[in-house]
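The next block is my_file19.txt, given as compact mmCIF, C-alpha atoms and all ligand atoms.
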# COMPACT_ATOMS: atom_id res chain seq x y z
CA MET A 12 0.00 0.00 0.00
CA THR A 13 1.09 3.54 -0.55
CA SER A 14 0.37 6.16 2.00
CA ILE A 15 0.16 9.86 1.53
CA PHE A 16 2.98 9.92 4.04
CA SER A 17 5.13 7.15 2.64
CA SER A 18 7.82 9.53 1.41
CA ASN A 19 10.38 11.18 3.56
CA ILE A 20 9.29 14.80 3.24
CA LEU A 21 12.39 16.15 4.97
CA LYS A 22 14.77 14.39 2.62
CA GLU A 23 13.04 15.06 -0.65
CA GLY A 24 11.39 18.38 -0.03
CA PRO A 25 7.64 18.66 0.21
CA LYS A 26 6.93 19.23 -3.45
CA MET A 27 8.75 16.16 -4.74
CA ALA A 28 7.45 13.92 -2.00
CA ARG A 29 3.88 14.99 -2.44
CA TYR A 30 4.03 14.69 -6.16
CA ARG A 31 5.35 11.16 -5.93
CA ASN A 32 2.51 10.25 -3.62
CA VAL A 33 -0.04 11.44 -6.10
CA ALA A 34 1.66 9.42 -8.81
CA ASN A 35 1.59 6.31 -6.62
CA LYS A 36 -2.07 6.64 -5.72
CA ILE A 37 -3.56 4.58 -2.93
CA SER A 38 -3.40 0.93 -3.74
CA GLY A 39 -6.05 -0.46 -1.43
CA GLY A 40 -8.64 2.30 -1.59
CA PRO A 41 -9.00 5.22 0.80
CA ALA A 42 -10.98 3.40 3.53
CA TYR A 43 -8.32 0.70 3.65
CA ASP A 44 -5.62 3.35 3.80
CA LEU A 45 -7.45 4.98 6.67
CA ILE A 46 -7.42 1.69 8.61
CA LEU A 47 -3.65 1.44 8.16
CA ALA A 48 -3.29 5.07 9.25
CA VAL A 49 -5.21 4.50 12.47
CA GLU A 50 -3.17 1.37 13.19
CA ARG A 51 0.03 3.40 12.85
CA TYR A 52 -1.50 5.99 15.16
CA VAL A 53 -2.56 3.52 17.86
CA TYR A 54 0.70 1.58 17.80
CA ASN A 55 2.87 4.74 17.66
CA TYR A 56 4.37 3.74 14.37
CA PRO A 57 4.15 6.78 12.10
CA SER A 58 5.38 6.17 8.57
CA SER A 59 7.28 9.46 8.47
CA SER A 60 8.35 12.32 10.71
CA ASN A 61 5.68 14.35 8.99
CA GLU A 62 2.96 11.91 10.00
CA SER A 63 4.33 11.84 13.53
CA ILE A 64 3.89 15.64 13.74
CA HIS A 65 0.28 15.29 12.60
CA HIS A 66 -0.34 12.54 15.13
CA GLN A 67 0.78 14.88 17.89
CA ASP A 68 -1.75 17.41 16.66
CA ILE A 69 -4.65 15.06 17.34
CA ASP A 70 -6.15 16.13 20.66
CA LEU A 71 -6.78 12.68 22.11
CA THR A 72 -7.31 14.05 25.62
CA SER A 73 -10.27 16.07 24.46
CA ILE A 74 -11.62 13.07 22.52
CA ALA A 75 -11.15 10.92 25.64
CA ILE A 76 -13.06 13.42 27.80
CA GLN A 77 -15.92 13.49 25.29
CA SER A 78 -16.21 9.70 25.53
CA ILE A 79 -17.36 9.94 29.13
CA SER A 80 -20.86 9.74 27.74
CA ILE A 81 -21.95 7.14 25.20
CA SER A 82 -22.35 8.51 21.71
CA GLU A 83 -22.90 6.98 18.29
CA ASN A 84 -20.06 9.20 17.21
CA THR A 85 -17.46 7.17 19.09
CA ALA A 86 -13.92 8.17 20.03
CA LEU A 87 -12.74 5.97 17.17
CA HIS A 88 -14.96 7.83 14.69
CA LYS A 89 -13.42 11.07 15.89
CA VAL A 90 -9.83 9.84 15.54
CA LEU A 91 -10.61 8.36 12.11
CA HIS A 92 -12.10 11.66 11.04
CA GLU A 93 -9.01 13.58 12.15
CA LEU A 94 -6.81 11.16 10.23
CA ALA A 95 -9.02 11.28 7.14
CA TYR A 96 -8.93 15.05 7.28
CA ILE A 97 -5.14 15.06 7.50
CA GLU A 98 -4.49 12.33 4.96
CA PHE A 99 -7.13 13.11 2.37
CA TYR A 100 -8.27 16.64 2.84
CA LEU A 101 -5.14 18.57 3.79
CA TYR A 102 -2.90 16.67 1.42
CA LEU A 103 -5.25 16.07 -1.40
CA TYR A 104 -7.87 18.72 -1.44
CA ASP A 105 -6.91 21.80 0.48
CA ASP A 106 -3.57 22.51 -1.12
CA ILE A 107 -3.29 21.80 -4.81
CA ASP A 108 -0.74 24.46 -5.72
CA TRP A 109 2.03 21.88 -5.39
CA VAL A 110 0.77 19.67 -8.17
CA ASP A 111 2.86 20.20 -11.31
CA ASN A 112 0.08 19.08 -13.54
CA ILE A 113 -3.29 20.22 -12.25
CA PHE A 114 -5.07 17.44 -14.10
CA ASP A 115 -3.34 14.88 -11.89
CA PHE A 116 -5.15 16.41 -8.98
CA ALA A 117 -8.52 16.03 -10.62
CA GLU A 118 -7.73 12.48 -11.68
CA TYR A 119 -6.65 11.54 -8.19
CA ALA A 120 -9.58 13.20 -6.44
CA THR A 121 -12.04 11.76 -8.93
CA SER A 122 -10.79 8.25 -8.27
CA MET A 123 -11.73 8.72 -4.61
CA PHE A 124 -15.19 10.11 -5.23
CA PRO A 125 -17.01 6.82 -5.85
CA GLU A 126 -15.64 5.43 -2.59
CA MET A 127 -16.81 8.54 -0.79
CA ASN A 128 -20.29 8.22 -2.31
CA LEU A 129 -19.85 11.57 -4.01
CA GLU A 130 -20.66 12.60 -7.50
CA THR A 131 -17.74 13.90 -9.48
CA PRO A 132 -18.00 17.66 -10.01
CA ILE A 133 -18.41 18.28 -13.72
CA GLU A 134 -15.64 20.89 -13.58
CA PHE A 135 -13.16 18.15 -12.69
CA LEU A 136 -13.68 16.67 -16.11
CA SER A 137 -13.03 19.95 -17.85
CA LYS A 138 -9.83 20.62 -19.74
CA GLN A 139 -9.68 24.18 -18.43
CA GLU A 140 -7.16 24.48 -15.63
CA SER A 141 -9.04 27.37 -14.04
CA ASP A 142 -12.24 25.30 -13.93
CA ILE A 143 -10.53 22.83 -11.67
CA TYR A 144 -9.55 25.56 -9.25
CA TYR A 145 -13.13 26.76 -9.33
CA ALA A 146 -14.48 23.28 -8.69
CA LYS A 147 -12.06 22.73 -5.85
CA LYS A 148 -13.35 25.83 -4.13
CA LYS A 149 -16.95 25.04 -4.85
CA TYR A 150 -16.83 21.43 -3.66
CA ASP A 151 -14.73 22.03 -0.57
CA GLN A 152 -17.41 21.23 2.04
CA TYR A 153 -18.83 18.50 -0.15
CA PHE A 154 -15.50 16.68 -0.02
CA ILE A 155 -15.27 17.07 3.76
CA HIS A 156 -18.75 15.60 4.01
CA GLY A 157 -17.55 12.68 1.91
CA LEU A 158 -14.82 11.90 4.43
CA ASN A 159 -17.57 10.67 6.77
CA HIS A 160 -18.26 7.86 4.38
CA LEU A 161 -14.64 6.70 4.55
CA VAL A 162 -14.74 7.00 8.34
CA ASN A 163 -17.88 4.85 8.53
CA SER A 164 -16.42 2.24 6.19
CA ALA A 165 -13.21 2.00 8.23
CA PHE A 166 -15.18 1.90 11.48
CA ALA A 167 -17.39 -0.94 10.24
CA VAL A 168 -14.27 -3.09 9.83
CA LEU A 169 -12.53 -2.01 13.02
CA TRP A 170 -15.65 -2.49 15.17
CA HIS A 171 -15.18 -6.25 14.77
CA ARG A 172 -11.50 -6.22 15.68
CA LYS A 173 -11.77 -6.23 19.43
CA SER A 174 -8.05 -6.66 20.15
CA PHE A 175 -7.45 -3.48 18.17
CA LEU A 176 -10.30 -1.78 20.08
CA LEU A 177 -8.67 -2.84 23.35
CA ASP A 178 -5.37 -1.26 22.29
CA PHE A 179 -7.18 1.86 21.13
CA ASN A 180 -8.88 2.16 24.53
CA LEU A 181 -5.58 1.56 26.35
CA LYS A 182 -4.24 4.58 24.45
CA ILE A 183 -7.25 6.63 25.54
CA ALA A 184 -6.79 5.45 29.14
CA GLU A 185 -3.24 6.83 29.09
CA LYS A 186 -4.83 10.25 28.54
CA ILE A 187 -7.48 9.86 31.24
CA ARG A 188 -5.27 8.56 34.07
CA PRO A 189 -3.16 11.71 34.62
CA LEU A 190 -6.20 14.07 34.64
CA LYS A 191 -7.12 15.81 37.89
CA LYS A 192 -10.68 16.36 38.96
CA CYS A 193 -9.91 19.96 39.90
CA ASP A 194 -9.07 20.67 36.24
CA PHE A 195 -11.76 18.41 34.81
CA PRO A 196 -14.84 18.58 37.05
CA MET A 197 -16.70 16.06 34.88
CA LEU A 198 -14.44 13.31 36.26
CA GLU A 199 -15.62 11.06 39.08
CA GLN A 200 -12.24 11.40 40.74
CA ASP A 201 -8.64 11.92 39.61
CA GLY A 202 -7.96 9.76 36.55
CA ARG A 203 -11.39 8.18 36.53
CA VAL A 204 -14.54 8.92 34.55
CA PRO A 205 -18.03 8.32 35.98
CA ARG A 206 -19.16 4.77 35.24
CA THR A 207 -22.20 4.41 33.02
CA THR A 208 -24.49 1.67 34.29
CA TYR A 209 -27.47 2.36 32.07
CA PHE A 210 -27.01 1.33 28.46
CA LYS A 211 -29.54 2.34 25.87
CA LYS A 212 -31.08 -0.33 23.69
CA TRP A 213 -29.14 0.66 20.57
CA ILE A 214 -25.77 0.07 22.19
CA GLN A 215 -26.91 -3.20 23.80
CA ASN A 216 -28.15 -4.34 20.39
CA ALA A 217 -24.96 -3.32 18.62
CA ILE A 218 -22.80 -5.23 21.09
CA GLN A 219 -25.04 -8.31 21.20
CA LEU A 220 -25.06 -8.43 17.43
CA ARG A 221 -21.27 -8.17 17.19
CA GLU A 222 -20.78 -10.84 19.88
CA ARG A 223 -23.60 -12.92 18.41
CA GLY A 224 -24.97 -13.23 21.94
CA ASN A 225 -21.80 -14.83 23.34
CA CYS A 226 -19.86 -13.71 26.37
CA HIS A 227 -16.73 -11.94 25.10
CA TYR A 228 -14.58 -13.77 27.66
CA CYS A 229 -15.85 -17.37 27.90
CA GLY A 230 -17.92 -17.67 24.73
CA ARG A 231 -21.02 -18.92 26.53
CA VAL A 232 -24.33 -17.84 24.98
CA VAL A 233 -25.78 -15.18 27.25
CA ALA A 234 -28.13 -13.25 25.02
CA SER A 235 -30.41 -14.96 22.56
CA PRO A 236 -34.09 -14.76 21.66
CA ALA A 237 -34.21 -18.45 22.70
CA ILE A 238 -33.15 -17.72 26.26
CA ALA A 239 -35.69 -16.56 28.76
CA ASN A 240 -34.59 -14.29 31.59
CA GLN A 241 -31.39 -13.34 29.85
CA GLU A 242 -28.74 -12.15 32.18
CA TYR A 243 -25.73 -10.40 30.80
CA ASP A 244 -23.49 -7.51 31.61
CA ILE A 245 -21.98 -4.85 29.43
CA ASP A 246 -18.35 -4.82 30.48
CA HIS A 247 -15.65 -2.16 30.08
CA MET A 248 -12.64 -3.88 28.44
CA VAL A 249 -10.35 -1.26 29.95
CA PRO A 250 -11.83 -0.86 33.42
CA ILE A 251 -12.95 2.58 34.59
CA ALA A 252 -10.50 2.19 37.49
CA GLN A 253 -7.66 2.02 34.96
CA GLY A 254 -8.70 5.04 32.90
CA GLY A 255 -11.20 3.27 30.65
CA THR A 256 -14.17 5.22 29.35
CA ASN A 257 -17.80 4.50 28.46
CA ASP A 258 -17.07 4.80 24.76
CA PRO A 259 -18.88 2.06 22.78
CA THR A 260 -15.50 0.83 21.49
CA ASN A 261 -14.57 -0.05 25.09
CA LEU A 262 -17.67 -2.16 25.73
CA VAL A 263 -18.17 -5.90 25.33
CA LEU A 264 -20.85 -8.43 26.22
CA SER A 265 -20.06 -10.49 29.29
CA CYS A 266 -21.78 -13.09 31.40
CA PRO A 267 -22.17 -11.94 35.01
CA SER A 268 -19.64 -14.45 36.35
CA CYS A 269 -16.89 -13.44 33.88
CA ASN A 270 -17.55 -9.80 34.65
CA ASN A 271 -17.33 -10.58 38.33
CA ASP A 272 -14.10 -12.58 37.98
CA LYS A 273 -12.50 -9.88 35.91
CA ARG A 274 -13.27 -6.93 38.19
CA ALA A 275 -10.75 -4.18 37.53
CA SER A 276 -8.25 -6.20 35.53
CA ILE A 277 -7.55 -6.10 31.81
CA ARG A 278 -7.62 -9.33 29.87
CA SER A 279 -5.64 -9.32 26.69
CA PHE A 280 -6.62 -11.60 23.84
CA ASP A 281 -5.98 -12.12 20.17
CA ASP A 282 -8.53 -11.70 17.47
CA VAL A 283 -9.17 -15.14 16.06
CA PHE A 284 -10.98 -15.51 12.81
CA ASN A 285 -12.36 -18.93 12.04
CA TRP A 286 -12.81 -20.21 8.55
CA PRO A 287 -15.06 -23.24 8.19
CA LYS A 288 -13.30 -26.49 7.33
CA ILE A 289 -14.73 -28.51 4.49
CA ASN A 290 -15.35 -32.18 5.51
ZN ZN B 301 -18.36 -15.45 30.40
Give the structure from the file, written as structure tokens.
Amino acid sequence: MTSIFSSNILKEGPKMARYRNVANKISGGPAYDLILAVERYVYNYPSSSNESIHHQDIDLTSIAIQSISISENTALHKVLHELAYIEFYLYLYDDIDWVDNIFDFAEYATSMFPEMNLETPIEFLSKQESDIYYAKKKYDQYFIHGLNHLVNSAFAVLWHRKSFLLDFNLKIAEKIRPLKKCDFPMLEQDGRVPRTTYFKKWIQNAIQLRERGNCHYCGRVVASPAIANQEYDIDHMVPIAQGGTNDPTNLVLSCPSCNNDKRASIRSFDDVFNWPKIN
């Protein structure tokens, strides 16, 4: 795959590096590229010094604080959106003066439009250079709106990768733990957010569906239309006591006994994907 940031900007100078990136294009599609970008962010593995600077610009503390309350716009959506903005908007859309051949810009942007569920501006197909500048200005907000589609596509994949979600929430917890209640009155106490105990139906449904009714820890079926008097807990993978938040990405389905055994510890696990065996 080729990232917007795969070149060493410092070595080559911004113009050369950026131009080469446009020439390379993104091999796996923008949503796929976004997944790789968020992995590099979570595992502190920026692909260039330039990307590392952008990663530092993401205000994860503020995103962590916002995830005290449960929202459909999760902390992961917010981080993905920041990364999409940096990778695709700032480098592709906002600044086109660096492109030697302006038509490359249109070609590159146009190739992304179908994946962003956007219609290609007619001006992009024009042979008049000035029309492209006009279209770029005109479709500015439209393109930003389209980033949401990439964010949602990337999220739909990552939502099922719970070991990644655990690592993402460990990164968020690093931001919550040092916070003092005197500076952040919304905290329960220093380094700890208030625990949510009431979960709306939509989040219960989303988690049950992902877990297919099984306890995240022991695999026992705990929620199924076939079971009367279902008893299950929604568990925080990174416990509140360790800086975990109520963000949906930190929640899993658990049977009461696993939740009880676990208490305030963190259980690590690998994502295992089963493929059915023939015979
Ligand atoms: Zn269990």
Near-ligand residues for ligand ZN 301 (chain B), threshold 9 Å, all atoms listed in the file, as a PyMOL selection string:
chain A and resi 225-233+243+264-270
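Atom CA of Asp105 of chain A sits 10.0 Å away from atom CA of Phe154 of chain A.
The residue that comes closest to Pro250 of chain A, out of A:Asn180, A:Gln219, A:Gln152, A:Thr131 and on the basis of only C-alpha atoms, is A:Asn180.
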Restricting the calculation to all atoms listed in the file: of A:Asp70, A:Glu140, A:Asp244, A:Glu118, which residue gets closest to Gln215 of chain A?
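Of A:Asp70, A:Glu140, A:Asp244, A:Glu118, the one nearest Gln215 of chain A, counting all atoms listed in the file, is A:Asp244.
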Output, as lines of an AutoDock Vina configuration file, the centre and edge lengths in Å (one decimal) of the axis-aligned box that contains all listed atoms of segment 250-258 of chain A with 3 Å of margin on each side.
center_x = -12.7
center_y = 2.2
center_z = 31.1
size_x = 16.1
size_y = 12.1
size_z = 18.7
Which polymer residues have any atom within 10 Å of an atom of Phe210 of chain A, counting only C-alpha atoms, with same-chain residues fewer than 5 positions away left out, as a PyMOL selection string?
chain A and resi 81+215-216+245+257+259
For Ser276 of chain A, list every protein, DNA or RNA residue within 8 Å, evaluated using only C-alpha atoms, and leave out those in the same chain fewer than 2 positions away; present the list as a PyMOL selection string.
chain A and resi 249-250+273-274+278
Using all atoms listed in the file, what does the table of segment 135-177 of chain A residues within 10 Å of segment 82-99 of chain A look like, with each row giving the shortest atom pair and its distance in Å to one decimal, sorted by chain and ascending number, as a tab-separated table?
residue	atom	partner	partner_atom	distance
A:Phe154	CA	A:Phe99	CA	9.4
A:Ile155	CA	A:Tyr96	CA	7.5
A:Leu158	CA	A:Ala95	CA	6.4
A:Asn159	CA	A:His92	CA	7.0
A:His160	CA	A:His92	CA	9.8
A:Leu161	CA	A:Ala95	CA	7.7
A:Val162	CA	A:Leu91	CA	5.8
A:Asn163	CA	A:His88	CA	7.4
A:Ala165	CA	A:Leu91	CA	7.9
A:Phe166	CA	A:His88	CA	6.7
A:Leu169	CA	A:Leu87	CA	9.0
A:Trp170	CA	A:Leu87	CA	9.2
A:Leu176	CA	A:Leu87	CA	8.6
Could the residues in this selection be saved with C-alpha atoms as a JSON list (two decimals), in the coordinates of the input?
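Writing done, so here's out-v4.json:
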[["chain", "number", "residue", "atom", "x", "y", "z"],
["A", 154, "PHE", "CA", -15.50, 16.68, -0.02],
["A", 155, "ILE", "CA", -15.27, 17.07, 3.76],
["A", 158, "LEU", "CA", -14.82, 11.90, 4.43],
["A", 159, "ASN", "CA", -17.57, 10.67, 6.77],
["A", 160, "HIS", "CA", -18.26, 7.86, 4.38],
["A", 161, "LEU", "CA", -14.64, 6.70, 4.55],
["A", 162, "VAL", "CA", -14.74, 7.00, 8.34],
["A", 163, "ASN", "CA", -17.88, 4.85, 8.53],
["A", 165, "ALA", "CA", -13.21, 2.00, 8.23],
["A", 166, "PHE", "CA", -15.18, 1.90, 11.48],
["A", 169, "LEU", "CA", -12.53, -2.01, 13.02],
["A", 170, "TRP", "CA", -15.65, -2.49, 15.17],
["A", 176, "LEU", "CA", -10.30, -1.78, 20.08]]
Repair of segment 41-68 of chain A at the level of N, CA and C atoms, as an mmCIF file, in the coordinates of the input:
data_model
loop_
_atom_site.group_PDB
_atom_site.id
_atom_site.type_symbol
_atom_site.label_atom_id
_atom_site.label_comp_id
_atom_site.auth_asym_id
_atom_site.auth_seq_id
_atom_site.Cartn_x
_atom_site.Cartn_y
_atom_site.Cartn_z
ATOM 1 N N PRO A 41 -9.162 4.280 -0.314
ATOM 2 C CA PRO A 41 -9.000 5.220 0.800
ATOM 3 C C PRO A 41 -9.452 4.689 2.163
ATOM 4 N N ALA A 42 -10.523 3.899 2.224
ATOM 5 C CA ALA A 42 -10.980 3.400 3.530
ATOM 6 C C ALA A 42 -9.942 2.436 4.107
ATOM 7 N N TYR A 43 -9.368 1.636 3.231
ATOM 8 C CA TYR A 43 -8.320 0.700 3.650
ATOM 9 C C TYR A 43 -7.103 1.477 4.138
ATOM 10 N N ASP A 44 -6.762 2.524 3.415
ATOM 11 C CA ASP A 44 -5.620 3.350 3.800
ATOM 12 C C ASP A 44 -5.849 4.002 5.160
ATOM 13 N N LEU A 45 -7.095 4.359 5.393
ATOM 14 C CA LEU A 45 -7.450 4.980 6.670
ATOM 15 C C LEU A 45 -7.270 3.988 7.829
ATOM 16 N N ILE A 46 -7.607 2.723 7.585
ATOM 17 C CA ILE A 46 -7.420 1.690 8.610
ATOM 18 C C ILE A 46 -5.930 1.552 8.937
ATOM 19 N N LEU A 47 -5.093 1.539 7.906
ATOM 20 C CA LEU A 47 -3.650 1.440 8.160
ATOM 21 C C LEU A 47 -3.149 2.668 8.908
ATOM 22 N N ALA A 48 -3.711 3.827 8.580
ATOM 23 C CA ALA A 48 -3.290 5.070 9.250
ATOM 24 C C ALA A 48 -3.640 5.036 10.735
ATOM 25 N N VAL A 49 -4.819 4.517 11.060
ATOM 26 C CA VAL A 49 -5.210 4.500 12.470
ATOM 27 C C VAL A 49 -4.423 3.432 13.240
ATOM 28 N N GLU A 50 -4.040 2.371 12.550
ATOM 29 C CA GLU A 50 -3.170 1.370 13.190
ATOM 30 C C GLU A 50 -1.819 1.996 13.528
ATOM 31 N N ARG A 51 -1.265 2.749 12.583
ATOM 32 C CA ARG A 51 0.030 3.400 12.850
ATOM 33 C C ARG A 51 -0.112 4.390 14.005
ATOM 34 N N TYR A 52 -1.262 5.034 14.078
ATOM 35 C CA TYR A 52 -1.500 5.990 15.160
ATOM 36 C C TYR A 52 -1.576 5.285 16.509
ATOM 37 N N VAL A 53 -2.354 4.218 16.580
ATOM 38 C CA VAL A 53 -2.560 3.520 17.860
ATOM 39 C C VAL A 53 -1.270 2.861 18.334
ATOM 40 N N TYR A 54 -0.511 2.295 17.397
ATOM 41 C CA TYR A 54 0.700 1.580 17.800
ATOM 42 C C TYR A 54 1.952 2.466 17.750
ATOM 43 N N ASN A 55 1.751 3.786 17.672
ATOM 44 C CA ASN A 55 2.870 4.740 17.660
ATOM 45 C C ASN A 55 3.918 4.385 16.613
ATOM 46 N N TYR A 56 3.453 4.138 15.419
ATOM 47 C CA TYR A 56 4.370 3.740 14.370
ATOM 48 C C TYR A 56 4.141 4.592 13.132
ATOM 49 N N PRO A 57 4.390 5.908 13.247
ATOM 50 C CA PRO A 57 4.150 6.780 12.100
ATOM 51 C C PRO A 57 5.068 6.408 10.940
ATOM 52 N N SER A 58 4.584 6.573 9.730
ATOM 53 C CA SER A 58 5.380 6.170 8.570
ATOM 54 C C SER A 58 6.395 7.242 8.181
ATOM 55 N N SER A 59 6.295 8.414 8.763
ATOM 56 C CA SER A 59 7.280 9.460 8.470
ATOM 57 C C SER A 59 7.268 10.463 9.609
ATOM 58 N N SER A 60 8.301 11.300 9.653
ATOM 59 C CA SER A 60 8.350 12.320 10.710
ATOM 60 C C SER A 60 7.184 13.292 10.531
ATOM 61 N N ASN A 61 6.796 13.468 9.282
ATOM 62 C CA ASN A 61 5.680 14.350 8.990
ATOM 63 C C ASN A 61 4.371 13.811 9.596
ATOM 64 N N GLU A 62 4.170 12.518 9.444
ATOM 65 C CA GLU A 62 2.960 11.910 10.000
ATOM 66 C C GLU A 62 3.003 11.970 11.526
ATOM 67 N N SER A 63 4.200 11.794 12.080
ATOM 68 C CA SER A 63 4.330 11.840 13.530
ATOM 69 C C SER A 63 3.942 13.227 14.075
ATOM 70 N N ILE A 64 4.288 14.274 13.336
ATOM 71 C CA ILE A 64 3.890 15.640 13.740
ATOM 72 C C ILE A 64 2.366 15.768 13.724
ATOM 73 N N HIS A 65 1.746 15.219 12.690
ATOM 74 C CA HIS A 65 0.280 15.290 12.600
ATOM 75 C C HIS A 65 -0.388 14.482 13.711
ATOM 76 N N HIS A 66 0.224 13.351 14.050
ATOM 77 C CA HIS A 66 -0.340 12.540 15.130
ATOM 78 C C HIS A 66 -0.344 13.316 16.448
ATOM 79 N N GLN A 67 0.727 14.091 16.657
ATOM 80 C CA GLN A 67 0.780 14.880 17.890
ATOM 81 C C GLN A 67 -0.279 15.973 17.923
ATOM 82 N N ASP A 68 -0.726 16.361 16.740
ATOM 83 C CA ASP A 68 -1.750 17.410 16.660
ATOM 84 C C ASP A 68 -3.141 16.912 17.027
#
